>>> print(open('coords-v3.cif').read())   # mmCIF, C-alpha atoms
data_start
loop_
_atom_site.label_atom_id
_atom_site.label_comp_id
_atom_site.auth_asym_id
_atom_site.auth_seq_id
_atom_site.Cartn_x
_atom_site.Cartn_y
_atom_site.Cartn_z
CA MET L 6 -36.49 31.43 -50.17
CA GLN L 7 -34.22 29.78 -52.74
CA ARG L 8 -31.74 32.67 -52.54
CA SER L 9 -31.67 32.35 -48.74
CA ARG L 10 -31.07 28.59 -48.98
CA ALA L 11 -28.29 29.10 -51.56
CA ALA L 12 -26.62 31.63 -49.26
CA GLY L 13 -26.82 29.14 -46.39
CA VAL L 14 -25.28 26.41 -48.53
CA TRP L 15 -22.34 28.60 -49.54
CA ALA L 16 -21.86 29.76 -45.95
CA ALA L 17 -21.80 26.11 -44.83
CA ARG L 18 -19.29 25.19 -47.54
CA GLY L 19 -17.07 28.15 -46.65
CA LEU L 20 -17.15 27.22 -42.97
CA LEU L 21 -16.18 23.61 -43.73
CA VAL L 22 -13.34 24.77 -46.00
CA PHE L 23 -11.96 26.78 -43.06
CA VAL L 24 -12.31 23.70 -40.84
CA THR L 25 -10.34 21.61 -43.32
CA LEU L 26 -7.64 24.29 -43.37
CA VAL L 27 -7.38 24.05 -39.59
CA TRP L 28 -7.32 20.25 -39.77
CA GLY L 29 -4.63 20.39 -42.44
CA ALA L 30 -2.49 22.41 -40.04
CA THR L 31 -3.12 19.99 -37.18
CA PHE L 32 -1.35 17.14 -39.00
CA THR L 33 1.98 18.98 -38.86
CA LEU L 34 1.39 20.30 -35.34
CA THR L 35 0.49 16.82 -34.11
CA LYS L 36 3.55 15.27 -35.77
CA GLN L 37 5.76 17.80 -33.97
CA ALA L 38 3.98 17.28 -30.62
CA LEU L 39 4.44 13.49 -30.85
CA ALA L 40 8.20 14.09 -30.62
CA VAL L 41 7.55 15.38 -27.08
CA LEU L 42 4.56 13.35 -25.90
CA PRO L 43 3.31 9.79 -26.50
CA VAL L 44 0.11 9.44 -28.52
CA TYR L 45 -2.52 9.02 -25.82
CA ALA L 46 -0.96 11.59 -23.48
CA PHE L 47 -1.15 14.17 -26.26
CA LEU L 48 -4.76 13.27 -27.07
CA THR L 49 -5.63 13.55 -23.37
CA LEU L 50 -4.37 17.14 -23.35
CA ARG L 51 -6.06 17.94 -26.66
CA PHE L 52 -9.47 16.77 -25.57
CA ALA L 53 -9.09 18.15 -22.05
CA ALA L 54 -8.77 21.60 -23.66
CA ALA L 55 -11.76 20.95 -25.91
CA ALA L 56 -13.88 19.52 -23.06
CA ILE L 57 -13.15 22.44 -20.73
CA ALA L 58 -13.96 24.96 -23.49
CA THR L 59 -17.27 23.31 -24.44
CA LEU L 60 -18.27 22.77 -20.80
CA GLY L 61 -17.62 26.45 -20.04
CA LEU L 62 -19.69 27.54 -23.03
CA ALA L 63 -22.47 25.13 -22.06
CA ILE L 64 -22.65 26.64 -18.57
CA LEU L 65 -22.66 30.20 -19.94
CA SER L 66 -25.20 29.53 -22.70
CA ARG L 67 -28.37 29.33 -20.63
CA ARG L 68 -30.51 29.88 -23.70
CA ARG L 69 -29.60 26.35 -24.77
CA SER L 70 -30.77 24.78 -21.52
CA SER L 71 -33.66 23.02 -23.27
CA ALA L 72 -31.24 21.22 -25.58
CA TRP L 73 -29.63 19.41 -22.66
CA LYS L 74 -33.00 18.03 -21.58
CA ASP L 75 -33.55 16.34 -24.94
CA ALA L 76 -32.49 12.70 -24.72
CA ARG L 77 -31.85 12.70 -28.48
CA THR L 78 -29.04 15.24 -28.02
CA TRP L 79 -27.21 12.86 -25.69
CA GLY L 80 -28.01 9.79 -27.76
CA VAL L 81 -26.79 11.24 -31.06
CA GLY L 82 -23.77 12.80 -29.34
CA VAL L 83 -22.71 9.44 -27.91
CA MET L 84 -23.37 7.59 -31.20
CA ALA L 85 -21.25 10.11 -33.11
CA GLY L 86 -18.68 10.53 -30.34
CA ILE L 87 -17.62 6.87 -30.19
CA PRO L 88 -16.48 6.59 -33.85
CA LEU L 89 -15.08 10.14 -33.60
CA GLY L 90 -12.94 9.19 -30.61
CA ALA L 91 -11.79 6.02 -32.34
CA SER L 92 -10.82 8.03 -35.43
CA PHE L 93 -8.57 10.35 -33.42
CA LEU L 94 -6.90 7.46 -31.58
CA LEU L 95 -6.24 5.62 -34.85
CA GLN L 96 -5.13 8.68 -36.80
CA THR L 97 -2.71 9.92 -34.13
CA GLU L 98 -1.27 6.43 -33.63
CA GLY L 99 -0.77 6.20 -37.40
CA LEU L 100 1.13 9.51 -37.45
CA CYS L 101 3.89 7.83 -35.45
CA THR L 102 4.96 5.89 -38.55
CA ILE L 103 3.68 7.90 -41.56
CA THR L 104 4.06 11.50 -42.72
CA PRO L 105 1.42 14.21 -42.18
CA GLY L 106 0.83 14.35 -45.94
CA LEU L 107 0.21 10.61 -46.28
CA SER L 108 -2.01 10.67 -43.20
CA GLY L 109 -4.07 13.43 -44.78
CA PHE L 110 -4.40 11.49 -48.04
CA LEU L 111 -5.54 8.29 -46.33
CA THR L 112 -7.95 10.12 -44.02
CA GLY L 113 -9.51 11.61 -47.14
CA LEU L 114 -10.65 8.14 -48.22
CA ASN L 115 -13.77 8.72 -46.15
CA VAL L 116 -15.05 10.65 -49.17
CA VAL L 117 -15.96 7.39 -50.93
CA MET L 118 -17.11 5.62 -47.76
CA VAL L 119 -19.70 8.23 -46.79
CA PRO L 120 -22.09 7.86 -49.79
CA ILE L 121 -21.98 4.07 -49.43
CA LEU L 122 -22.78 4.19 -45.70
CA ALA L 123 -25.43 6.87 -46.18
CA SER L 124 -27.11 4.85 -48.93
CA ALA L 125 -27.13 1.73 -46.77
CA MET L 126 -28.64 3.56 -43.78
CA THR L 127 -31.21 5.70 -45.60
CA LYS L 128 -32.06 3.37 -48.52
CA ARG L 129 -31.59 6.36 -50.87
CA ARG L 130 -29.12 6.12 -53.74
CA PRO L 131 -26.85 9.15 -54.21
CA GLY L 132 -27.37 11.05 -57.48
CA ALA L 133 -25.04 11.01 -60.47
CA ARG L 134 -23.45 14.37 -59.59
CA THR L 135 -22.56 13.07 -56.14
CA TRP L 136 -20.77 10.07 -57.65
CA TRP L 137 -18.94 12.31 -60.14
CA GLY L 138 -17.78 14.44 -57.22
CA VAL L 139 -16.64 11.34 -55.33
CA ALA L 140 -14.82 10.04 -58.44
CA LEU L 141 -12.96 13.33 -58.92
CA ALA L 142 -12.05 13.51 -55.24
CA CYS L 143 -10.77 9.92 -55.17
CA THR L 144 -8.77 10.45 -58.37
CA GLY L 145 -7.24 13.51 -56.77
CA LEU L 146 -6.37 11.54 -53.65
CA LEU L 147 -4.70 8.81 -55.72
CA LEU L 148 -2.63 11.38 -57.60
CA MET L 149 -1.58 13.00 -54.34
CA CYS L 150 -0.45 9.59 -53.05
CA ALA L 151 1.55 8.85 -56.24
CA GLY L 152 5.18 8.14 -55.52
CA THR L 153 4.76 8.10 -51.73
CA PRO L 154 7.01 5.36 -50.28
CA LEU L 155 5.05 2.89 -48.14
CA ALA L 156 7.84 0.53 -47.03
CA GLY L 157 7.76 0.09 -43.26
CA ARG L 158 4.63 2.20 -42.95
CA PHE L 159 1.91 -0.42 -43.28
CA PRO L 160 0.82 -0.32 -39.60
CA GLY L 161 0.29 3.43 -39.87
CA VAL L 162 -1.44 3.05 -43.23
CA ALA L 163 -3.85 0.42 -41.84
CA GLU L 164 -4.61 2.51 -38.74
CA THR L 165 -5.34 5.59 -40.84
CA ILE L 166 -7.62 3.73 -43.25
CA LEU L 167 -9.60 2.50 -40.21
CA CYS L 168 -9.64 6.11 -39.04
CA ALA L 169 -11.23 7.14 -42.36
CA MET L 170 -13.95 4.52 -41.85
CA CYS L 171 -14.71 5.90 -38.38
CA ILE L 172 -14.89 9.47 -39.71
CA ALA L 173 -17.32 8.33 -42.42
CA LEU L 174 -19.54 6.71 -39.79
CA GLN L 175 -19.50 9.87 -37.65
CA ILE L 176 -20.49 12.05 -40.63
CA VAL L 177 -23.38 9.74 -41.54
CA VAL L 178 -24.64 9.57 -37.94
CA VAL L 179 -24.71 13.37 -37.73
CA ASP L 180 -26.44 13.60 -41.11
CA ARG L 181 -29.00 10.95 -40.26
CA TRP L 182 -29.97 11.89 -36.70
CA ALA L 183 -28.58 15.30 -35.66
CA LYS L 184 -30.69 17.52 -37.93
CA GLY L 185 -33.10 19.61 -35.90
CA LEU L 186 -30.99 19.28 -32.75
CA ASP L 187 -28.85 22.03 -31.24
CA ALA L 188 -25.53 21.87 -33.15
CA PHE L 189 -23.44 23.06 -30.21
CA ALA L 190 -25.01 20.65 -27.72
CA VAL L 191 -24.45 17.62 -29.96
CA ALA L 192 -20.86 18.70 -30.66
CA ALA L 193 -20.21 19.18 -26.94
CA VAL L 194 -21.42 15.65 -26.13
CA GLU L 195 -19.19 14.29 -28.93
CA VAL L 196 -16.21 16.11 -27.39
CA TRP L 197 -16.93 14.79 -23.89
CA VAL L 198 -17.32 11.20 -25.12
CA THR L 199 -14.07 11.46 -27.08
CA ALA L 200 -12.30 12.98 -24.06
CA LEU L 201 -13.36 10.01 -21.92
CA LEU L 202 -12.09 7.57 -24.57
CA THR L 203 -8.69 9.28 -24.85
CA TRP L 204 -8.28 9.55 -21.09
CA ALA L 205 -9.11 5.83 -20.73
CA ALA L 206 -6.64 4.96 -23.51
CA ALA L 207 -3.87 6.96 -21.80
CA LEU L 208 -4.59 5.27 -18.48
CA PHE L 209 -4.70 1.78 -20.01
CA ALA L 210 -1.46 2.38 -21.94
CA GLY L 211 0.33 3.82 -18.91
CA GLN L 212 0.94 7.18 -20.59
CA TRP L 213 -0.11 9.47 -17.75
CA ALA L 214 3.45 9.80 -16.40
CA PRO L 215 4.68 12.21 -19.14
CA LEU L 216 1.90 14.62 -18.18
CA ALA L 217 3.50 15.02 -14.73
CA ASP L 218 6.84 16.05 -16.27
CA VAL L 219 7.27 19.83 -16.02
CA ARG L 220 9.39 19.86 -19.18
CA THR L 221 6.35 18.71 -21.13
CA TRP L 222 4.41 21.83 -20.16
CA THR L 223 7.24 24.21 -21.03
CA GLN L 224 7.55 23.03 -24.64
CA PRO L 225 6.04 25.67 -27.00
CA VAL L 226 5.16 22.97 -29.53
CA THR L 227 3.07 21.22 -26.89
CA TRP L 228 0.98 24.28 -26.15
CA ALA L 229 0.60 25.23 -29.79
CA ALA L 230 -0.54 21.72 -30.74
CA VAL L 231 -2.90 21.34 -27.77
CA LEU L 232 -4.59 24.73 -28.15
CA VAL L 233 -4.93 24.70 -31.96
CA ASN L 234 -6.00 21.03 -32.03
CA GLY L 235 -8.24 21.23 -28.97
CA LEU L 236 -10.00 24.55 -29.43
CA LEU L 237 -10.04 25.14 -33.20
CA GLY L 238 -9.52 21.62 -34.53
CA THR L 239 -11.98 19.94 -32.15
CA ALA L 240 -14.48 22.11 -30.25
CA PHE L 241 -15.00 24.71 -33.00
CA ALA L 242 -14.69 22.20 -35.86
CA LEU L 243 -17.35 19.84 -34.49
CA TRP L 244 -19.82 22.68 -33.93
CA ALA L 245 -19.10 23.94 -37.48
CA GLN L 246 -19.63 20.46 -38.95
CA ASN L 247 -22.93 19.93 -37.15
CA TRP L 248 -24.16 23.41 -38.13
CA ALA L 249 -23.09 22.94 -41.76
CA GLN L 250 -24.72 19.51 -42.05
CA GLU L 251 -28.08 21.16 -41.38
CA ARG L 252 -27.57 22.69 -44.84
CA LEU L 253 -25.42 20.12 -46.68
CA SER L 254 -25.73 16.41 -47.42
CA SER L 255 -23.33 13.91 -45.87
CA ALA L 256 -21.75 13.34 -49.31
CA GLN L 257 -21.12 17.06 -49.86
CA THR L 258 -19.64 17.31 -46.37
CA ALA L 259 -17.26 14.43 -47.08
CA ILE L 260 -16.25 15.88 -50.46
CA THR L 261 -15.48 19.25 -48.82
CA PHE L 262 -13.44 17.44 -46.17
CA ALA L 263 -11.40 15.93 -49.02
CA LEU L 264 -9.62 19.30 -49.10
CA GLU L 265 -7.97 18.30 -45.82
CA PRO L 266 -5.06 16.40 -47.46
CA VAL L 267 -4.52 19.33 -49.83
CA PHE L 268 -4.00 21.67 -46.89
CA ALA L 269 -2.04 18.99 -44.98
CA ALA L 270 0.34 18.51 -47.92
CA ALA L 271 0.76 22.27 -48.49
CA ILE L 272 1.49 22.98 -44.82
CA GLY L 273 3.76 19.93 -44.54
CA TRP L 274 5.68 21.26 -47.56
CA MET L 275 6.02 24.74 -46.06
CA VAL L 276 6.86 23.72 -42.48
CA LEU L 277 8.51 20.30 -42.70
CA GLY L 278 9.89 20.46 -46.24
CA GLU L 279 7.84 17.50 -47.50
CA ALA L 280 8.02 17.00 -51.27
CA MET L 281 5.33 18.62 -53.45
CA THR L 282 5.00 16.98 -56.87
CA TRP L 283 3.10 17.90 -60.03
CA PRO L 284 0.79 14.86 -59.69
CA GLY L 285 0.09 16.00 -56.14
CA ILE L 286 -0.75 19.52 -57.31
CA LEU L 287 -3.04 18.14 -60.05
CA GLY L 288 -4.69 15.90 -57.47
CA GLY L 289 -5.36 18.90 -55.26
CA LEU L 290 -6.99 20.74 -58.16
CA LEU L 291 -9.22 17.74 -58.89
CA ILE L 292 -10.36 17.69 -55.27
CA VAL L 293 -11.26 21.37 -55.51
CA ALA L 294 -13.16 20.62 -58.74
CA SER L 295 -15.07 17.81 -57.01
CA MET L 296 -16.66 20.36 -54.68
CA ALA L 297 -18.06 22.29 -57.64
CA VAL L 298 -19.44 19.13 -59.28
CA ALA L 299 -21.19 17.57 -56.28
CA PRO L 300 -24.58 19.03 -55.31
CA ALA L 301 -25.41 20.08 -51.77
#
>>> encode(input="coords-v3.cif", output="structure tokens")
Amino acid sequence: MQRSRAAGVWAARGLLVFVTLVWGATFTLTKQALAVLPVYAFLTLRFAAAAIATLGLAILSRRRSSAWKDARTWGVGVMAGIPLGASFLLQTEGLCTITPGLSGFLTGLNVVMVPILASAMTKRRPGARTWWGVALACTGLLLMCAGTPLAGRFPGVAETILCAMCIALQIVVVDRWAKGLDAFAVAAVEVWVTALLTWAAALFAGQWAPLADVRTWTQPVTWAAVLVNGLLGTAFALWAQNWAQERLSSAQTAITFALEPVFAAAIGWMVLGEAMTWPGILGGLLIVASMAVAPA
């Protein structure tokens, strides 16, 4: 039994590491796509792709029909979907004024917010190993931010810190109420709620017009960003998170997600030529070490 549980824990960690790799790539793809599309128009396309994919799978997966009849599935999906949608709106808006690497660093701040929120909601104090993992991850994040110029970027910084708070809330909601529910069904509801929020934001901001421009649809960067972000970075990633959190604590999930800025910085360096410093490399190693320290 213990060996089976340990295997499940490592499988969950491995799956979340892959998700953070995908998310690290989405920072650069999103930054490139925002040169073609305004923020909310891009998010509309991203979540349209994710919503269509999850809806198609929901229709085909008849074996999950009972999950859709459970009111808790819809309730938890909506509760998690609202902060999730807000996090994407804030993060993508922030990317208009800050670099993908800095966005990844600031998003990673949710690693310290999650244990605090989880403790407040469950009345259980995280153990010492969890706090050591959080401390290592936060130290790594600070090192990765060292030397990053912030002049003129404060709006983007503030939006991305708020994004991190929303991500922390979404992780804690899933940890607190989604266990025992169908992981795909909850993730699908989260996607649909987020899609509605992004569509409403695009409509309110008057950003539907660019979607009618044929040149938008012929840009390779648009398709690459929409498909990778929508299918892998959203639909697949949310299912993976919900499945993994059946086996991991919210704190361990957040600490694993702290790898996201490491991948974002590495891909930004390779694709966009962003600077990679020795403090940043050391910070990345500390984040990796934090995963080994924190218990599941």
>>> atom_distance(input="coords-v3.cif", atom1="CA of Leu60 in chain L", atom2="CA of Leu237 in chain L")
15.1 Å
>>> residues_near_point(input="coords-v3.cif", point="(6.9, 12.4, -33.9)", cutoff="10 Å", atoms="only C-alpha atoms", output="NGL selection string")
:L and (33-44 or 97 or 100-104)
>>> closest_atom_pairs(input="coords-v3.cif", of="range 71-165 of chain L", to="range 194-207 of chain L", cutoff="7 Å", atoms="all atoms listed in the file", output="CSV")
residue,atom,partner,partner_atom,distance
L:Trp79,CA,L:Val194,CA,6.4
L:Gly82,CA,L:Glu195,CA,4.8
L:Val83,CA,L:Glu195,CA,6.1
L:Ala85,CA,L:Glu195,CA,6.3
L:Gly86,CA,L:Glu195,CA,4.0
L:Ile87,CA,L:Thr199,CA,6.6
L:Leu89,CA,L:Thr199,CA,6.7
L:Gly90,CA,L:Thr199,CA,4.3
>>> write_last_selection(input="coords-v3.cif", atoms="C-alpha atoms", output="compact mmCIF listing (two decimals), in the frame of the given file")
# COMPACT_ATOMS: atom_id res chain seq x y z
CA TRP L 79 -27.21 12.86 -25.69
CA GLY L 82 -23.77 12.80 -29.34
CA VAL L 83 -22.71 9.44 -27.91
CA ALA L 85 -21.25 10.11 -33.11
CA GLY L 86 -18.68 10.53 -30.34
CA ILE L 87 -17.62 6.87 -30.19
CA LEU L 89 -15.08 10.14 -33.60
CA GLY L 90 -12.94 9.19 -30.61
>>> closest_residue(input="coords-v3.cif", among="L:Thr127, L:Thr49, L:Gln175, L:Thr144", to="Pro88 in chain L", atoms="only C-alpha atoms")
L:Gln175
>>> residues_near_point(input="coords-v3.cif", point="(-19.8, 20.5, -43.9)", cutoff="9 Å", atoms="only C-alpha atoms", output="PyMOL selection string")
chain L and resi 17-22+24+245-255+257-262
>>> write_last_selection(input="coords-v3.cif", atoms="C-alpha atoms", output="PDB file, in the frame of the given file")
ATOM      1  CA  ALA L  17     -21.800  26.110 -44.830  1.00  0.00           C
ATOM      2  CA  ARG L  18     -19.290  25.190 -47.540  1.00  0.00           C
ATOM      3  CA  GLY L  19     -17.070  28.150 -46.650  1.00  0.00           C
ATOM      4  CA  LEU L  20     -17.150  27.220 -42.970  1.00  0.00           C
ATOM      5  CA  LEU L  21     -16.180  23.610 -43.730  1.00  0.00           C
ATOM      6  CA  VAL L  22     -13.340  24.770 -46.000  1.00  0.00           C
ATOM      7  CA  VAL L  24     -12.310  23.700 -40.840  1.00  0.00           C
ATOM      8  CA  ALA L 245     -19.100  23.940 -37.480  1.00  0.00           C
ATOM      9  CA  GLN L 246     -19.630  20.460 -38.950  1.00  0.00           C
ATOM     10  CA  ASN L 247     -22.930  19.930 -37.150  1.00  0.00           C
ATOM     11  CA  TRP L 248     -24.160  23.410 -38.130  1.00  0.00           C
ATOM     12  CA  ALA L 249     -23.090  22.940 -41.760  1.00  0.00           C
ATOM     13  CA  GLN L 250     -24.720  19.510 -42.050  1.00  0.00           C
ATOM     14  CA  GLU L 251     -28.080  21.160 -41.380  1.00  0.00           C
ATOM     15  CA  ARG L 252     -27.570  22.690 -44.840  1.00  0.00           C
ATOM     16  CA  LEU L 253     -25.420  20.120 -46.680  1.00  0.00           C
ATOM     17  CA  SER L 254     -25.730  16.410 -47.420  1.00  0.00           C
ATOM     18  CA  SER L 255     -23.330  13.910 -45.870  1.00  0.00           C
ATOM     19  CA  GLN L 257     -21.120  17.060 -49.860  1.00  0.00           C
ATOM     20  CA  THR L 258     -19.640  17.310 -46.370  1.00  0.00           C
ATOM     21  CA  ALA L 259     -17.260  14.430 -47.080  1.00  0.00           C
ATOM     22  CA  ILE L 260     -16.250  15.880 -50.460  1.00  0.00           C
ATOM     23  CA  THR L 261     -15.480  19.250 -48.820  1.00  0.00           C
ATOM     24  CA  PHE L 262     -13.440  17.440 -46.170  1.00  0.00           C
TER      25      PHE L 262
END
>>> closest_residue(input="coords-v3.cif", among="L:Val14, L:Ala46, L:Ala72, L:Ala256", to="Ile121 in chain L", atoms="only C-alpha atoms")
L:Ala256
>>> resolve_selection(input="coords-v3.cif", expression="the PyMOL selection byres ((chain L and resi 119) around 9)", output="list of chain:residue names")
L:Asn115, L:Val116, L:Val117, L:Met118, L:Pro120, L:Ile121, L:Leu122, L:Ala123, L:Ser124, L:Met170, L:Ile172, L:Ala173, L:Leu174, L:Ile176, L:Val177, L:Ser255, L:Ala256, L:Ala259
>>> atom_distance(input="coords-v3.cif", atom1="CA of Ala263 in chain L", atom2="CA of Gly288 in chain L")
10.8 Å
>>> axis_aligned_box(input="coords-v3.cif", around="range 35-41 of chain L", padding_each_side="8 Å", output="lines of an AutoDock Vina configuration file")
center_x = 4.3
center_y = 15.6
center_z = -31.4
size_x = 23.7
size_y = 20.3
size_z = 24.7
>>> closest_residue(input="coords-v3.cif", among="L:Ile57, L:Phe241, L:Ser295, L:Trp182", to="Trp136 in chain L", atoms="all atoms listed in the file")
L:Ser295
>>> atom_distance(input="coords-v3.cif", atom1="CA of Ile64 in chain L", atom2="CA of Leu48 in chain L")
23.9 Å
>>> closest_residue(input="coords-v3.cif", among="L:Thr31, L:Leu291, L:Pro160, L:Val267", to="Ala140 in chain L", atoms="only C-alpha atoms")
L:Leu291
>>> resolve_selection(input="coords-v3.cif", expression="the PyMOL selection byres ((chain L and resi 216-224) around 9)", output="list in words")
Val41, Leu42, Ala46, Phe47, Leu50, Gln212, Trp213, Ala214, Pro215, Pro225, Val226, Thr227, Trp228 and Ala229 of chain L
>>> closest_residue(input="coords-v3.cif", among="L:Ala12, L:Leu114, L:Ala192, L:Ala53", to="Cys168 in chain L", atoms="all atoms listed in the file")
L:Leu114
>>> resolve_selection(input="coords-v3.cif", expression="the PyMOL selection byres ((chain L and resi 96) around 9)", output="list in words")
Ala91, Ser92, Phe93, Leu94, Leu95, Thr97, Glu98, Gly99, Leu100, Ser108, Thr112, Gly161, Glu164, Thr165, Ile166, Leu167, Cys168 and Ala169 of chain L
>>> decode(input="coords-v3.cif", residues="range 35-91 of chain L", atoms="C-alpha atoms", output="mmCIF file, in the first residue's frame")
data_model
loop_
_atom_site.group_PDB
_atom_site.id
_atom_site.type_symbol
_atom_site.label_atom_id
_atom_site.label_comp_id
_atom_site.auth_asym_id
_atom_site.auth_seq_id
_atom_site.Cartn_x
_atom_site.Cartn_y
_atom_site.Cartn_z
ATOM 1 C CA THR L 35 1.961 34.806 -24.976
ATOM 2 C CA LYS L 36 4.418 37.711 -25.107
ATOM 3 C CA GLN L 37 4.859 37.115 -28.851
ATOM 4 C CA ALA L 38 1.100 36.773 -29.443
ATOM 5 C CA LEU L 39 0.406 40.076 -27.643
ATOM 6 C CA ALA L 40 2.346 41.823 -30.428
ATOM 7 C CA VAL L 41 -0.456 40.699 -32.770
ATOM 8 C CA LEU L 42 -3.551 40.679 -30.553
ATOM 9 C CA PRO L 43 -4.756 42.765 -27.596
ATOM 10 C CA VAL L 44 -4.890 41.004 -24.224
ATOM 11 C CA TYR L 45 -8.546 40.033 -23.964
ATOM 12 C CA ALA L 46 -8.863 39.070 -27.632
ATOM 13 C CA PHE L 47 -5.973 36.644 -27.209
ATOM 14 C CA LEU L 48 -7.456 35.183 -24.022
ATOM 15 C CA THR L 49 -10.801 34.764 -25.794
ATOM 16 C CA LEU L 50 -9.114 32.614 -28.445
ATOM 17 C CA ARG L 51 -7.093 30.697 -25.852
ATOM 18 C CA PHE L 52 -10.080 29.727 -23.772
ATOM 19 C CA ALA L 53 -12.314 29.136 -26.785
ATOM 20 C CA ALA L 54 -9.840 26.412 -27.818
ATOM 21 C CA ALA L 55 -9.772 24.988 -24.292
ATOM 22 C CA ALA L 56 -13.575 25.143 -23.912
ATOM 23 C CA ILE L 57 -14.214 23.408 -27.240
ATOM 24 C CA ALA L 58 -11.686 20.675 -26.406
ATOM 25 C CA THR L 59 -13.116 19.983 -22.939
ATOM 26 C CA LEU L 60 -16.712 20.139 -24.179
ATOM 27 C CA GLY L 61 -15.909 17.617 -26.922
ATOM 28 C CA LEU L 62 -14.260 15.274 -24.432
ATOM 29 C CA ALA L 63 -17.186 15.669 -22.030
ATOM 30 C CA ILE L 64 -19.642 14.638 -24.748
ATOM 31 C CA LEU L 65 -17.508 11.652 -25.778
ATOM 32 C CA SER L 66 -16.799 10.470 -22.215
ATOM 33 C CA ARG L 67 -20.161 8.952 -21.360
ATOM 34 C CA ARG L 68 -18.639 6.990 -18.496
ATOM 35 C CA ARG L 69 -18.343 10.281 -16.624
ATOM 36 C CA SER L 70 -22.020 11.136 -16.999
ATOM 37 C CA SER L 71 -22.621 10.710 -13.263
ATOM 38 C CA ALA L 72 -20.030 13.383 -12.484
ATOM 39 C CA TRP L 73 -22.078 16.034 -14.270
ATOM 40 C CA LYS L 74 -25.099 15.259 -12.096
ATOM 41 C CA ASP L 75 -23.172 16.018 -8.906
ATOM 42 C CA ALA L 76 -23.862 19.594 -7.820
ATOM 43 C CA ARG L 77 -20.512 19.652 -6.008
ATOM 44 C CA THR L 78 -18.683 19.285 -9.333
ATOM 45 C CA TRP L 79 -20.305 22.469 -10.621
ATOM 46 C CA GLY L 80 -19.957 24.306 -7.325
ATOM 47 C CA VAL L 81 -16.246 23.572 -6.893
ATOM 48 C CA GLY L 82 -15.606 24.230 -10.593
ATOM 49 C CA VAL L 83 -17.189 27.676 -10.360
ATOM 50 C CA MET L 84 -15.428 28.503 -7.057
ATOM 51 C CA ALA L 85 -12.061 27.557 -8.555
ATOM 52 C CA GLY L 86 -12.833 28.957 -12.011
ATOM 53 C CA ILE L 87 -13.470 32.538 -10.873
ATOM 54 C CA PRO L 88 -10.018 33.125 -9.286
ATOM 55 C CA LEU L 89 -8.464 31.110 -12.127
ATOM 56 C CA GLY L 90 -10.033 33.378 -14.733
ATOM 57 C CA ALA L 91 -8.978 36.458 -12.800
#
